[in-house]
file coords23.pdb (PDB, C-alpha atoms and all ligand atoms)
ATOM      1  CA  MET T   1       4.860   1.834  -4.853
ATOM      2  CA  LEU T   2       7.110  -1.188  -4.891
ATOM      3  CA  ASP T   3       7.267  -4.827  -3.869
ATOM      4  CA  LEU T   4      10.722  -6.258  -3.265
ATOM      5  CA  HIS T   5       9.929  -9.717  -1.932
ATOM      6  CA  ILE T   6       8.712 -12.015  -4.710
ATOM      7  CA  HIS T   7       9.300 -15.730  -5.193
ATOM      8  CA  THR T   8       8.992 -17.815  -8.343
ATOM      9  CA  LYS T   9       8.249 -21.437  -9.113
ATOM     10  CA  LEU T  10      11.992 -22.034  -9.511
ATOM     11  CA  CYS T  11      12.242 -22.452  -5.727
ATOM     12  CA  GLY T  12       9.846 -25.399  -5.907
ATOM     13  CA  HIS T  13       7.194 -24.131  -3.493
ATOM     14  CA  ALA T  14       5.747 -21.134  -5.331
ATOM     15  CA  VAL T  15       3.337 -21.226  -8.277
ATOM     16  CA  GLY T  16       2.635 -19.232 -11.436
ATOM     17  CA  GLU T  17       4.715 -17.805 -14.244
ATOM     18  CA  MET T  18       7.091 -14.931 -13.574
ATOM     19  CA  GLU T  19       5.236 -12.781 -16.083
ATOM     20  CA  GLU T  20       1.993 -13.318 -14.185
ATOM     21  CA  TYR T  21       3.604 -11.760 -11.103
ATOM     22  CA  ILE T  22       4.780  -8.860 -13.234
ATOM     23  CA  GLU T  23       1.305  -8.338 -14.701
ATOM     24  CA  VAL T  24      -0.193  -7.981 -11.219
ATOM     25  CA  ALA T  25       2.415  -5.349 -10.318
ATOM     26  CA  ILE T  26       1.687  -3.444 -13.542
ATOM     27  CA  ASN T  27      -2.063  -3.609 -12.923
ATOM     28  CA  LYS T  28      -1.514  -2.179  -9.452
ATOM     29  CA  GLU T  29       0.541   0.603 -11.034
ATOM     30  CA  PHE T  30       3.674  -0.241  -9.091
ATOM     31  CA  GLU T  31       6.829   1.588 -10.103
ATOM     32  CA  ILE T  32       9.372  -0.904  -8.863
ATOM     33  CA  PHE T  33       9.270  -4.660  -8.592
ATOM     34  CA  GLY T  34      11.964  -6.991  -7.326
ATOM     35  CA  PHE T  35      12.191 -10.743  -7.724
ATOM     36  CA  SER T  36      13.884 -12.220  -4.655
ATOM     37  CA  ASP T  37      13.692 -15.967  -4.912
ATOM     38  CA  HIS T  38      15.450 -18.278  -2.453
ATOM     39  CA  LEU T  39      19.202 -18.607  -3.052
ATOM     40  CA  PRO T  40      20.296 -22.241  -3.357
ATOM     41  CA  HIS T  41      21.602 -23.358   0.010
ATOM     42  CA  GLU T  42      23.563 -26.376  -1.086
ATOM     43  CA  HIS T  43      26.656 -24.690   0.421
ATOM     44  CA  ILE T  44      25.184 -24.868   3.934
ATOM     45  CA  PRO T  45      25.239 -28.475   5.225
ATOM     46  CA  ALA T  46      22.803 -27.735   8.082
ATOM     47  CA  LEU T  47      20.206 -26.801   5.480
ATOM     48  CA  LYS T  48      20.545 -30.050   3.516
ATOM     49  CA  PRO T  49      17.217 -31.414   4.805
ATOM     50  CA  PHE T  50      15.524 -28.316   3.372
ATOM     51  CA  ILE T  51      17.166 -28.428  -0.029
ATOM     52  CA  HIS T  52      13.732 -28.738  -1.652
ATOM     53  CA  LEU T  53      12.841 -25.238  -0.401
ATOM     54  CA  SER T  54      15.268 -23.370  -2.632
ATOM     55  CA  MET T  55      16.171 -23.551  -6.287
ATOM     56  CA  PRO T  56      18.938 -26.009  -7.161
ATOM     57  CA  GLU T  57      22.347 -24.391  -7.628
ATOM     58  CA  ASN T  58      22.434 -25.091 -11.366
ATOM     59  CA  ILE T  59      19.197 -23.109 -11.741
ATOM     60  CA  LEU T  60      20.562 -19.889 -10.217
ATOM     61  CA  SER T  61      22.134 -18.673 -13.481
ATOM     62  CA  HIS T  62      18.894 -19.393 -15.275
ATOM     63  CA  TYR T  63      17.001 -17.356 -12.648
ATOM     64  CA  VAL T  64      19.380 -14.425 -13.062
ATOM     65  CA  LYS T  65      19.229 -14.555 -16.855
ATOM     66  CA  THR T  66      15.423 -14.769 -16.875
ATOM     67  CA  VAL T  67      14.969 -11.818 -14.513
ATOM     68  CA  LEU T  68      17.374  -9.707 -16.582
ATOM     69  CA  GLU T  69      15.499 -10.595 -19.787
ATOM     70  CA  LEU T  70      12.171  -9.671 -18.192
ATOM     71  CA  LYS T  71      13.696  -6.417 -16.906
ATOM     72  CA  GLU T  72      14.536  -5.536 -20.508
ATOM     73  CA  LYS T  73      11.194  -6.685 -21.907
ATOM     74  CA  TYR T  74       9.081  -4.683 -19.437
ATOM     75  CA  SER T  75      11.386  -1.683 -19.055
ATOM     76  CA  SER T  76       8.807   0.799 -20.365
ATOM     77  CA  LYS T  77       6.156  -0.334 -17.885
ATOM     78  CA  LEU T  78       7.940  -1.376 -14.708
ATOM     79  CA  ASP T  79      11.381  -1.124 -13.150
ATOM     80  CA  ILE T  80      12.244  -4.773 -12.453
ATOM     81  CA  LEU T  81      15.058  -5.498 -10.022
ATOM     82  CA  LEU T  82      17.165  -8.609  -9.532
ATOM     83  CA  GLY T  83      17.037  -9.573  -5.869
ATOM     84  CA  ILE T  84      17.593 -12.730  -3.909
ATOM     85  CA  GLU T  85      16.491 -14.022  -0.493
ATOM     86  CA  VAL T  86      19.335 -15.696   1.350
ATOM     87  CA  ASP T  87      19.295 -18.027   4.338
ATOM     88  CA  TYR T  88      21.969 -16.733   6.674
ATOM     89  CA  ASP T  89      24.253 -19.169   8.482
ATOM     90  CA  GLU T  90      27.115 -17.670  10.467
ATOM     91  CA  ASN T  91      29.418 -20.583   9.612
ATOM     92  CA  TYR T  92      29.139 -20.095   5.864
ATOM     93  CA  GLU T  93      29.532 -16.369   5.338
ATOM     94  CA  ASN T  94      32.424 -16.778   2.900
ATOM     95  CA  GLU T  95      30.607 -19.325   0.769
ATOM     96  CA  THR T  96      27.540 -17.094   0.707
ATOM     97  CA  ARG T  97      29.639 -14.071  -0.232
ATOM     98  CA  LYS T  98      31.209 -15.995  -3.107
ATOM     99  CA  ILE T  99      27.874 -17.083  -4.560
ATOM    100  CA  LEU T 100      26.426 -13.584  -4.239
ATOM    101  CA  SER T 101      29.447 -12.033  -5.944
ATOM    102  CA  ARG T 102      28.989 -14.179  -9.046
ATOM    103  CA  HIS T 103      25.764 -12.437 -10.085
ATOM    104  CA  PRO T 104      24.724  -8.801 -10.573
ATOM    105  CA  PHE T 105      22.131  -8.687  -7.797
ATOM    106  CA  ASP T 106      20.503  -5.339  -7.104
ATOM    107  CA  TYR T 107      19.917  -6.384  -3.498
ATOM    108  CA  ALA T 108      20.000  -9.338  -1.123
ATOM    109  CA  ILE T 109      17.436 -10.046   1.589
ATOM    110  CA  GLY T 110      18.986 -11.822   4.580
ATOM    111  CA  SER T 111      16.611 -14.182   6.372
ATOM    112  CA  ILE T 112      16.655 -16.766   9.114
ATOM    113  CA  HIS T 113      14.186 -19.640   8.840
ATOM    114  CA  VAL T 114      16.311 -22.281  10.567
ATOM    115  CA  LEU T 115      17.732 -22.548  14.097
ATOM    116  CA  GLY T 116      20.180 -25.438  14.344
ATOM    117  CA  ASP T 117      18.408 -28.072  12.301
ATOM    118  CA  TRP T 118      14.919 -26.803  13.046
ATOM    119  CA  LEU T 119      12.941 -25.058  10.302
ATOM    120  CA  PHE T 120      10.916 -23.161  12.886
ATOM    121  CA  ASP T 121       8.592 -21.419  10.431
ATOM    122  CA  SER T 122       7.473 -24.624   8.705
ATOM    123  CA  PRO T 123       3.993 -25.992   9.421
ATOM    124  CA  ARG T 124       5.587 -29.435   9.104
ATOM    125  CA  GLN T 125       7.848 -28.803  12.088
ATOM    126  CA  ILE T 126       5.427 -26.871  14.230
ATOM    127  CA  GLU T 127       5.347 -29.661  16.861
ATOM    128  CA  GLU T 128       8.915 -28.815  17.843
ATOM    129  CA  TRP T 129       7.635 -25.579  19.381
ATOM    130  CA  ASN T 130       6.169 -27.750  22.165
ATOM    131  CA  ASN T 131       9.690 -28.847  23.159
ATOM    132  CA  ARG T 132      11.034 -25.305  23.339
ATOM    133  CA  VAL T 133      10.916 -22.326  25.662
ATOM    134  CA  ILE T 134       9.480 -19.587  23.498
ATOM    135  CA  ASP T 135      11.631 -16.795  24.942
ATOM    136  CA  GLU T 136      14.761 -18.864  24.292
ATOM    137  CA  VAL T 137      13.768 -19.363  20.673
ATOM    138  CA  TYR T 138      13.423 -15.598  20.260
ATOM    139  CA  SER T 139      16.728 -14.942  22.050
ATOM    140  CA  GLU T 140      18.582 -17.370  19.812
ATOM    141  CA  TYR T 141      16.842 -16.035  16.727
ATOM    142  CA  TYR T 142      17.707 -12.394  17.500
ATOM    143  CA  ARG T 143      21.311 -13.336  18.312
ATOM    144  CA  ASN T 144      21.522 -14.772  14.816
ATOM    145  CA  ILE T 145      19.808 -11.725  13.328
ATOM    146  CA  LYS T 146      22.502  -9.536  14.881
ATOM    147  CA  LYS T 147      25.207 -11.646  13.226
ATOM    148  CA  LEU T 148      23.283 -11.451   9.966
ATOM    149  CA  ILE T 149      23.285  -7.645  10.213
ATOM    150  CA  LEU T 150      26.992  -7.484  11.029
ATOM    151  CA  SER T 151      27.941  -9.888   8.218
ATOM    152  CA  GLY T 152      27.704  -7.097   5.655
ATOM    153  CA  LEU T 153      26.241  -9.564   3.161
ATOM    154  CA  PHE T 154      22.757  -8.136   2.898
ATOM    155  CA  ASN T 155      20.779  -4.988   2.156
ATOM    156  CA  ILE T 156      17.432  -5.915   3.687
ATOM    157  CA  VAL T 157      16.407  -8.000   6.703
ATOM    158  CA  GLY T 158      13.590 -10.392   5.839
ATOM    159  CA  HIS T 159      10.537 -10.719   8.111
ATOM    160  CA  LEU T 160      12.337  -9.440  11.205
ATOM    161  CA  ASP T 161      10.149 -11.054  13.892
ATOM    162  CA  LEU T 162       9.412 -14.304  12.031
ATOM    163  CA  PRO T 163       9.152 -16.569  15.145
ATOM    164  CA  LYS T 164       5.695 -15.100  15.802
ATOM    165  CA  LYS T 165       4.379 -16.709  12.576
ATOM    166  CA  PHE T 166       2.226 -19.345  14.311
ATOM    167  CA  ASN T 167       1.426 -16.943  17.149
ATOM    168  CA  HIS T 168       4.063 -18.182  19.604
ATOM    169  CA  ARG T 169       4.476 -14.989  21.587
ATOM    170  CA  PRO T 170       7.395 -14.280  23.906
ATOM    171  CA  ARG T 171       6.899 -13.243  27.533
ATOM    172  CA  GLN T 172       9.722 -10.718  27.429
ATOM    173  CA  ASP T 173       9.229  -7.635  25.307
ATOM    174  CA  PHE T 174      12.767  -7.830  23.787
ATOM    175  CA  GLU T 175      12.758  -4.046  23.566
ATOM    176  CA  GLU T 176      16.405  -3.674  24.511
ATOM    177  CA  THR T 177      17.376  -6.365  22.060
ATOM    178  CA  MET T 178      15.427  -4.555  19.371
ATOM    179  CA  LEU T 179      17.001  -1.216  20.234
ATOM    180  CA  ASP T 180      20.439  -2.801  19.875
ATOM    181  CA  LEU T 181      19.467  -4.387  16.546
ATOM    182  CA  ALA T 182      18.076  -1.063  15.344
ATOM    183  CA  LYS T 183      21.328   0.753  16.128
ATOM    184  CA  ASN T 184      23.289  -1.897  14.252
ATOM    185  CA  LEU T 185      20.902  -1.791  11.309
ATOM    186  CA  LYS T 186      21.381   1.964  11.132
ATOM    187  CA  ASN T 187      25.171   1.626  11.302
ATOM    188  CA  GLU T 188      25.213  -0.908   8.509
ATOM    189  CA  GLY T 189      22.791   1.078   6.355
ATOM    190  CA  MET T 190      20.457  -1.892   6.257
ATOM    191  CA  VAL T 191      16.755  -1.688   5.545
ATOM    192  CA  VAL T 192      13.880  -3.562   7.193
ATOM    193  CA  GLU T 193      11.002  -4.756   5.060
ATOM    194  CA  ILE T 194       7.410  -4.452   6.134
ATOM    195  CA  ASN T 195       6.503  -7.971   5.075
ATOM    196  CA  ILE T 196       2.760  -8.540   4.976
ATOM    197  CA  SER T 197       2.945 -12.349   4.815
ATOM    198  CA  GLY T 198       2.427 -12.617   8.590
ATOM    199  CA  LEU T 199      -1.199 -11.677   7.922
ATOM    200  CA  ARG T 200      -1.613 -15.026   6.143
ATOM    201  CA  TYR T 201      -0.767 -17.028   9.265
ATOM    202  CA  ALA T 202      -1.889 -17.348  12.870
ATOM    203  CA  ALA T 203       0.162 -14.291  13.878
ATOM    204  CA  LYS T 204      -2.346 -12.205  11.889
ATOM    205  CA  GLU T 205       0.007  -9.262  11.744
ATOM    206  CA  MET T 206       2.782  -7.992   9.560
ATOM    207  CA  TYR T 207       6.481  -8.500  10.193
ATOM    208  CA  PRO T 208       7.729  -6.633  12.086
ATOM    209  CA  SER T 209       5.166  -5.543  14.672
ATOM    210  CA  LYS T 210       4.098  -1.937  15.033
ATOM    211  CA  ASN T 211       6.118  -1.712  18.272
ATOM    212  CA  ILE T 212       9.271  -2.816  16.522
ATOM    213  CA  LEU T 213       8.596  -0.435  13.642
ATOM    214  CA  SER T 214       8.311   2.475  16.026
ATOM    215  CA  ILE T 215      11.706   1.576  17.539
ATOM    216  CA  LEU T 216      13.159   1.424  14.023
ATOM    217  CA  LYS T 217      11.662   4.821  13.274
ATOM    218  CA  THR T 218      13.181   6.319  16.434
ATOM    219  CA  GLU T 219      16.583   4.962  15.409
ATOM    220  CA  ARG T 220      16.125   6.215  11.822
ATOM    221  CA  VAL T 221      16.291   2.793  10.211
ATOM    222  CA  ASP T 222      14.932   2.781   6.647
ATOM    223  CA  ILE T 223      12.020   0.597   5.620
ATOM    224  CA  THR T 224      10.753  -0.994   2.451
ATOM    225  CA  PHE T 225       7.819  -3.218   1.455
ATOM    226  CA  GLY T 226       7.510  -6.885   0.534
ATOM    227  CA  SER T 227       4.619  -9.267   0.013
ATOM    228  CA  ASP T 228       6.646 -12.494   0.137
ATOM    229  CA  ALA T 229       4.405 -13.588  -2.738
ATOM    230  CA  HIS T 230       4.481 -17.291  -3.569
ATOM    231  CA  GLU T 231       1.658 -16.892  -6.094
ATOM    232  CA  PRO T 232       0.919 -14.021  -8.489
ATOM    233  CA  LYS T 233      -2.207 -12.738  -6.779
ATOM    234  CA  GLN T 234      -0.212 -12.106  -3.594
ATOM    235  CA  VAL T 235       1.857  -9.340  -5.202
ATOM    236  CA  GLY T 236       1.207  -6.135  -3.259
ATOM    237  CA  GLU T 237      -1.391  -7.900  -1.127
ATOM    238  CA  ASN T 238      -2.554  -5.871   1.888
ATOM    239  CA  PHE T 239      -0.117  -3.084   1.073
ATOM    240  CA  SER T 240      -2.682  -0.425   1.954
ATOM    241  CA  GLN T 241      -2.432  -1.640   5.546
ATOM    242  CA  ALA T 242       1.363  -1.602   5.459
ATOM    243  CA  LEU T 243       1.365   1.894   3.991
ATOM    244  CA  ARG T 244      -1.047   3.151   6.599
ATOM    245  CA  ILE T 245       1.156   1.901   9.437
ATOM    246  CA  ALA T 246       4.236   3.476   7.862
ATOM    247  CA  GLN T 247       2.398   6.761   7.395
ATOM    248  CA  LYS T 248       1.092   6.719  10.961
ATOM    249  CA  LEU T 249       4.620   6.237  12.255
ATOM    250  CA  ASN T 250       5.723   9.210  10.126
ATOM    251  CA  PHE T 251       8.137   7.429   7.839
ATOM    252  CA  SER T 252       8.770   9.935   5.065
ATOM    253  CA  ASP T 253      10.229   7.612   2.457
ATOM    254  CA  PHE T 254      11.042   4.004   1.699
ATOM    255  CA  ALA T 255      14.150   2.445   0.283
ATOM    256  CA  TYR T 256      15.119   0.123  -2.523
ATOM    257  CA  PHE T 257      18.423  -0.867  -4.092
ATOM    258  CA  LYS T 258      19.949  -0.832  -7.528
ATOM    259  CA  ASN T 259      23.262  -2.540  -7.962
ATOM    260  CA  ARG T 260      23.404  -2.692  -4.133
ATOM    261  CA  LYS T 261      23.130   1.106  -3.888
ATOM    262  CA  LYS T 262      20.360   2.536  -1.719
ATOM    263  CA  LEU T 263      17.737   4.781  -3.309
ATOM    264  CA  TYR T 264      14.507   6.256  -1.979
ATOM    265  CA  LEU T 265      10.931   6.911  -2.984
ATOM    266  CA  PRO T 266       8.897   9.449  -1.032
ATOM    267  CA  LEU T 267       6.144   8.234   1.248
ATOM    268  CA  ASN T 268       3.460  10.825   1.843
ATOM    269  CA  GLU T 269      -0.284  11.368   1.751
ATOM    270  CA  THR T 270      -0.158  11.309  -2.001
ATOM    271  CA  THR T 271       1.301   7.801  -2.127
ATOM    272  CA  GLU T 272      -1.360   6.065  -4.139
ATOM    273  CA  LEU T 273      -3.541   3.806  -2.050
ATOM    274  CA  SER T 274      -6.551   3.483  -4.310
ATOM    275  CA  VAL T 275      -5.148   0.814  -6.576
ATOM    276  CA  LEU T 276      -3.995  -1.276  -3.664
ATOM    277  CA  SER T 277      -6.020  -3.909  -1.934
TER     278      SER T 277
HETATM  279 ZN    ZN S 301       9.496 -19.417   0.094
HETATM  280 ZN    ZN S 302      11.615 -15.887   4.031
END

call {"tool": "encode", "arguments": {"input": "coords23.pdb", "output": "structure tokens", "more": "lines below"}}
Ligand SMILES: [Zn+2]
Ligand SMILES: [Zn+2]
result
Amino acid sequence: MLDLHIHTKLCGHAVGEMEEYIEVAINKEFEIFGFSDHLPHEHIPALKPFIHLSMPENILSHYVKTVLELKEKYSSKLDILLGIEVDYDENYENETRKILSRHPFDYAIGSIHVLGDWLFDSPRQIEEWNNRVIDEVYSEYYRNIKKLILSGLFNIVGHLDLPKKFNHRPRQDFEETMLDLAKNLKNEGMVVEINISGLRYAAKEMYPSKNILSILKTERVDITFGSDAHEPKQVGENFSQALRIAQKLNFSDFAYFKNRKKLYLPLNETTELSVLS
């Protein structure tokens, strides 16, 4: 098993030592483990108000160096990957590309947490939902997701249907939108994570929904798994549920990346569930 979506205290809003996260993964007998902390977004002016939610730019090299040292240290027990979660902004693709090219990332997760100047997944800005039409929020969000996919910057899409976090549900089903996104994901060779963090919030379900996952399966889009852990005990949390859904939908493998190259692990009845909680 693997977990590719892990934060660290370097981003300022996660807790615990990096080695504590690793220990949980080893105890759960994971094979692969990827740190993917928030990329500094000092290069994106619209994200200035949220600067406290990512590591400062001068810390990025330290993050990279630390992950690579831990990779070496634990190499006999766990395959540790160097990932990064990146806030996508269509106006700053070149800047983002430059920063990503400076470091030997195994993979990059592309995410959207902000629409305009609204951090729509923050409990602190939840009131703004009252001023919005929910369907329009989803439309705008998915338009941005399509640009994210086409940017060629990323390997994995983070929490694909994130606007549902606080249980704001759209009236439309967005099935055609999702079909179009799925085709583009397939074309670009991008992977969608089953991110279990939605279970921690009012949505009470994983990202993306089972419906979306079945569309992805039909379009032969690859999946992977992420806990979005912001504390060590969240590593691999609720993965048995995620695995069960993937198995039910007949996914036969799941993907990960090394040096930006896609690799697979088989997903079958023998995929170990017993150690997972
Ligand atoms: Zn975070
Ligand atoms: Zn995220």

call {"tool": "resolve_selection", "arguments": {"input": "coords23.pdb", "expression": "the PyMOL selection byres (((chain T and resi 248) around 12) and not hetatm)", "output": "MDAnalysis selection string"}}
result
chainID T and resid 210 213:214 217 241:247 249:252 267:269

call {"tool": "closest_residue", "arguments": {"input": "coords23.pdb", "among": "T:Val157, T:Leu81, T:Met206, T:Ala182", "to": "Ile32 of chain T", "atoms": "all atoms listed in the file"}}
result
T:Leu81

call {"tool": "closest_atom_pairs", "arguments": {"input": "coords23.pdb", "of": "chain T", "to": "ligand ZN 301 (chain S)", "cutoff": "9 Å", "atoms": "all atoms listed in the file", "output": "Markdown table"}}
result
| residue | atom | partner | partner_atom | distance |
| --- | --- | --- | --- | --- |
| T:Ile6 | CA | S:ZN301 | ZN | 8.9 |
| T:His7 | CA | S:ZN301 | ZN | 6.4 |
| T:Thr8 | CA | S:ZN301 | ZN | 8.6 |
| T:Cys11 | CA | S:ZN301 | ZN | 7.1 |
| T:Gly12 | CA | S:ZN301 | ZN | 8.5 |
| T:His13 | CA | S:ZN301 | ZN | 6.4 |
| T:Ala14 | CA | S:ZN301 | ZN | 6.8 |
| T:Asp37 | CA | S:ZN301 | ZN | 7.4 |
| T:His38 | CA | S:ZN301 | ZN | 6.6 |
| T:Leu53 | CA | S:ZN301 | ZN | 6.7 |
| T:Ser54 | CA | S:ZN301 | ZN | 7.5 |
| T:Glu85 | CA | S:ZN301 | ZN | 8.9 |
| T:Asp228 | CA | S:ZN301 | ZN | 7.5 |
| T:Ala229 | CA | S:ZN301 | ZN | 8.2 |
| T:His230 | CA | S:ZN301 | ZN | 6.6 |

call {"tool": "write_last_selection", "arguments": {"input": "coords23.pdb", "atoms": "C-alpha atoms", "output": "PDB file, keeping the file's coordinate frame"}}
result
ATOM      1  CA  ILE T   6       8.712 -12.015  -4.710  1.00  0.00           C
ATOM      2  CA  HIS T   7       9.300 -15.730  -5.193  1.00  0.00           C
ATOM      3  CA  THR T   8       8.992 -17.815  -8.343  1.00  0.00           C
ATOM      4  CA  CYS T  11      12.242 -22.452  -5.727  1.00  0.00           C
ATOM      5  CA  GLY T  12       9.846 -25.399  -5.907  1.00  0.00           C
ATOM      6  CA  HIS T  13       7.194 -24.131  -3.493  1.00  0.00           C
ATOM      7  CA  ALA T  14       5.747 -21.134  -5.331  1.00  0.00           C
ATOM      8  CA  ASP T  37      13.692 -15.967  -4.912  1.00  0.00           C
ATOM      9  CA  HIS T  38      15.450 -18.278  -2.453  1.00  0.00           C
ATOM     10  CA  LEU T  53      12.841 -25.238  -0.401  1.00  0.00           C
ATOM     11  CA  SER T  54      15.268 -23.370  -2.632  1.00  0.00           C
ATOM     12  CA  GLU T  85      16.491 -14.022  -0.493  1.00  0.00           C
ATOM     13  CA  ASP T 228       6.646 -12.494   0.137  1.00  0.00           C
ATOM     14  CA  ALA T 229       4.405 -13.588  -2.738  1.00  0.00           C
ATOM     15  CA  HIS T 230       4.481 -17.291  -3.569  1.00  0.00           C
TER      16      HIS T 230
END

call {"tool": "resolve_selection", "arguments": {"input": "coords23.pdb", "expression": "the PyMOL selection byres (((chain T and resi 233) around 10) and not hetatm)", "output": "MDAnalysis selection string"}}
result
chainID T and resid 16 20:21 23:25 229:232 234:237

call {"tool": "resolve_selection", "arguments": {"input": "coords23.pdb", "expression": "the PyMOL selection byres (((not hetatm)) within 7 of (chain S and resi 302))", "output": "ChimeraX atom specification"}}
result
/T:85,111,113,158-159

call {"tool": "residues_near_point", "arguments": {"input": "coords23.pdb", "point": "(14.6, -10.9, -12.4)", "cutoff": "7 Å", "atoms": "all atoms listed in the file", "output": "list of chain:residue names"}}
result
T:Gly34, T:Phe35, T:Tyr63, T:Val64, T:Thr66, T:Val67, T:Leu68, T:Leu70, T:Lys71, T:Ile80, T:Leu81, T:Leu82

call {"tool": "closest_residue", "arguments": {"input": "coords23.pdb", "among": "T:Leu100, T:Ile194, T:Leu263, T:Ile112", "to": "Asp3 of chain T", "atoms": "all atoms listed in the file"}}
result
T:Ile194

call {"tool": "closest_residue", "arguments": {"input": "coords23.pdb", "among": "T:Ile196, T:Ile156, T:Ile134, T:Val114", "to": "Asp222 of chain T", "atoms": "only C-alpha atoms"}}
result
T:Ile156

call {"tool": "residues_around", "arguments": {"input": "coords23.pdb", "residues": "Glu205 of chain T", "least_positions_apart": "2", "cutoff": "12 Å", "atoms": "all atoms listed in the file", "output": "JSON, numbers by chain"}}
result
{"T": [159, 161, 162, 164, 165, 166, 167, 194, 195, 196, 197, 198, 199, 200, 201, 202, 203, 207, 208, 209, 210, 211, 238, 241, 242, 245]}

call {"tool": "closest_residue", "arguments": {"input": "coords23.pdb", "among": "T:Asp106, T:Glu31, T:Glu128, T:Asp180", "to": "Glu219 of chain T", "atoms": "all atoms listed in the file"}}
result
T:Asp180

call {"tool": "atom_distance", "arguments": {"input": "coords23.pdb", "atom1": "atom CA of Arg97 of chain T", "atom2": "atom CA of Gln125 of chain T"}}
result
29.0 Å

call {"tool": "residues_near_point", "arguments": {"input": "coords23.pdb", "point": "(8.3, 1.6, -2.4)", "cutoff": "6 Å", "atoms": "all atoms listed in the file", "output": "list in words"}}
result
Met1, Leu2, Phe254 and Leu265 of chain T

call {"tool": "atom_distance", "arguments": {"input": "coords23.pdb", "atom1": "atom CA of Leu4 of chain T", "atom2": "atom CA of Tyr138 of chain T"}}
result
25.5 Å

call {"tool": "residues_around", "arguments": {"input": "coords23.pdb", "residues": "Thr224 of chain T", "least_positions_apart": "3", "cutoff": "7 Å", "atoms": "only C-alpha atoms", "output": "number ranges by chain"}}
result
T: 191-194, 254-256

call {"tool": "axis_aligned_box", "arguments": {"input": "coords23.pdb", "around": "segment 182-187 of chain T", "padding_each_side": "3 Å", "output": "JSON"}}
result
{"center_x": 21.6, "center_y": 0.0, "center_z": 13.6, "size_x": 13.1, "size_y": 9.9, "size_z": 11.0}

call {"tool": "decode", "arguments": {"input": "coords23.pdb", "residues": "segment 141-152 of chain T", "atoms": "N, CA and C atoms", "output": "JSON list (two decimals), in the first residue's frame"}}
result
[["chain", "number", "residue", "atom", "x", "y", "z"],
["T", 141, "TYR", "N", -14.87, 26.23, -10.29],
["T", 141, "TYR", "CA", -13.84, 25.33, -9.77],
["T", 141, "TYR", "C", -13.42, 24.32, -10.85],
["T", 142, "TYR", "N", -14.41, 23.68, -11.49],
["T", 142, "TYR", "CA", -14.06, 22.66, -12.49],
["T", 142, "TYR", "C", -13.43, 23.26, -13.74],
["T", 143, "ARG", "N", -13.82, 24.51, -14.07],
["T", 143, "ARG", "CA", -13.13, 25.19, -15.18],
["T", 143, "ARG", "C", -11.64, 25.33, -14.86],
["T", 144, "ASN", "N", -11.36, 25.70, -13.62],
["T", 144, "ASN", "CA", -9.95, 25.82, -13.21],
["T", 144, "ASN", "C", -9.25, 24.46, -13.17],
["T", 145, "ILE", "N", -9.98, 23.44, -12.74],
["T", 145, "ILE", "CA", -9.38, 22.10, -12.71],
["T", 145, "ILE", "C", -8.99, 21.67, -14.13],
["T", 146, "LYS", "N", -9.83, 22.02, -15.11],
["T", 146, "LYS", "CA", -9.48, 21.64, -16.49],
["T", 146, "LYS", "C", -8.18, 22.33, -16.91],
["T", 147, "LYS", "N", -8.04, 23.60, -16.55],
["T", 147, "LYS", "CA", -6.79, 24.31, -16.90],
["T", 147, "LYS", "C", -5.60, 23.69, -16.17],
["T", 148, "LEU", "N", -5.84, 23.31, -14.93],
["T", 148, "LEU", "CA", -4.79, 22.64, -14.15],
["T", 148, "LEU", "C", -4.32, 21.37, -14.88],
["T", 149, "ILE", "N", -5.29, 20.59, -15.36],
["T", 149, "ILE", "CA", -4.95, 19.34, -16.06],
["T", 149, "ILE", "C", -4.14, 19.64, -17.32],
["T", 150, "LEU", "N", -4.59, 20.65, -18.07],
["T", 150, "LEU", "CA", -3.96, 20.95, -19.35],
["T", 150, "LEU", "C", -2.61, 21.65, -19.19],
["T", 151, "SER", "N", -2.31, 22.15, -17.99],
["T", 151, "SER", "CA", -1.06, 22.88, -17.78],
["T", 151, "SER", "C", 0.17, 22.00, -17.93],
["T", 152, "GLY", "N", -0.01, 20.70, -17.76],
["T", 152, "GLY", "CA", 1.14, 19.79, -17.86],
["T", 152, "GLY", "C", 2.12, 19.91, -16.70]]
